[in-house]
Every structure is written in C-alpha cells, then in structure tokens.
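Novice: Starting off with a structure, shown below.
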Amino acid sequence: MAAEPDDPAGARQTGEIEQLKRELEEMTHLADERLEQLKYLQAEFDNFRKWSEKEKGSMATRANEALIKDLLVILDDFEQALPSLGEEENREGVGMVYRKMQKILAAYGLEPIVCMGKKVDPTLHDVLCKEQCEGEPGTIVGEIEKGYRLKSKVIRPSKVMVAENASGEEGEDNG
C-alpha cells in the first residue's frame, strides 16, 4: 500500500473549522456579556421609573399638604364666623360654603383630630394651658384650635387646655 499523499485541502478545512469555532465561541461570549448588560440596564431603568413615579406622587402630596395647611386658616375663620352670625339671613349660605369646603378637603384625606375628653397625646396635641377642675389630670377639657391629619399624618396638632387637679392648696402667686 502506498502512503497517502498529504491532503493540503483537508488540513486547510480543518484549520478553517477550528478558526470558525473560536470565532463562534468569542461571539457567543460577547453576546452573553451584552445580554447581561441589557438585563442590568433594564433593571436599572425599571428602578428609575419606579423612583420617578414615587417622587412625582411625593411632590404632589407635598404640594397638596402646603395648600391644605394654608386653607386651614379659612376653615378656622368659618368656624369662628358661623356662631356669630346668629339668625342672619346669610348664615345658611355661609354654612353651606363651609360644609362644601370641608367635604372637598376630606376627599383629599383631611380629617379633624378629635380630642375633647381624651388623654393628651404629644403627637396629636399641643398643651397651651391647664385648668383646675374635677376631671382626670391630663384629660383634654378644652380645644383652643382644632388640629388636623392629612392621610394619617398630623399637619397641625390640636391646641388644647388640659385638666389639672383642683386642690385646696394655693399655687405660686404670679401677680
């Protein structure tokens, strides 16, 4: 048997196949890297979108809170004006405007803090003065200015008068 002559075409094909395999492996590796980068960027974009939506909502909430705080002064004015109107013909109209304003603000999450007869809570109440009476010490006996919550956040604490023990002893003379 005679020796087969060297097949230069076969060796060339084998070399090309090996070269193509290496290039395919490099391209596969590169594609995997790009896919990972794409996944990372997509996750980063989703996080940014969520943060952006949250921030937009937070800005709207802060703006609403500021506006509602300013409108509380008007609510206070209505509360003071209504009793003084007595039987005037405009009383019903003023009362209707007051109730509409309360309803609109309640739709935005505003609610008054109920405090009469309750124990003082420093997160809800500012004690302005104490009154000697038979009530339990630390119990609210008067509301000087109404407090409000906006979606469970206290935006203005109630200014209150608190019961103090009525004792026969005289206190300090400040006069």
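By order in the structure tokens, chains are A, B, ...; within a chain, residues start at 1; ligands start at 1, following the order shown.
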Could you pull out the strand (DSSP E) residues of chain A, going by DSSP on the backbone, and write them as a PyMOL selection string?
Specialist: chain A and resi 110-112+125-133+140-145+148-150+153-156+158-165
Novice: So that I can see what lies close to Gln102 of chain A, please list as a PyMOL selection string the residues with an atom at most 12 Å from it, counting only C-alpha atoms and leaving out residues fewer than 2 positions away in the same chain.
Specialist: chain A and resi 68+71-72+74-76+78-79+95-100+104-112+148
Novice: In Å to one decimal, how far is atom CA of Pro157 of chain A from atom CA of Cys129 of chain A?
Specialist: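 Computing the Euclidean distance for atom CA of Cys129 of chain A and atom CA of Pro157 of chain A yields 14.7 Å.
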Novice: From the options A:Val154, A:Met59, A:Val162, A:Leu20, which residue's atoms come nearest to Gly138 of chain A, counting only C-alpha atoms?
Specialist: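 When distances to Gly138 of chain A are compared using only C-alpha atoms, the smallest one comes from A:Val162.
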Novice: With distances taken over only C-alpha atoms, which residue among A:Glu55, A:Glu25, A:Asp77, A:Glu143 lies nearest Val127 of chain A?
Specialist: A:Glu143
Novice: Just checking: using only C-alpha atoms, which residue out of A:Leu67, A:Ala163, A:Ala60, A:Ile144 ends up closest to Gln80 of chain A?
Specialist: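 Looking only at the distances to Gln80 of chain A, the closest residue turns out to be A:Ile144.
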Novice: Please determine, counting only C-alpha atoms, which residue among A:Val73, A:Ile140, A:Ile17, A:Ala43 has the shortest atom-to-atom distance to Leu124 of chain A.
Specialist: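 Comparing A:Val73, A:Ile140, A:Ile17, A:Ala43 against Leu124 of chain A, the winner is A:Ile140.
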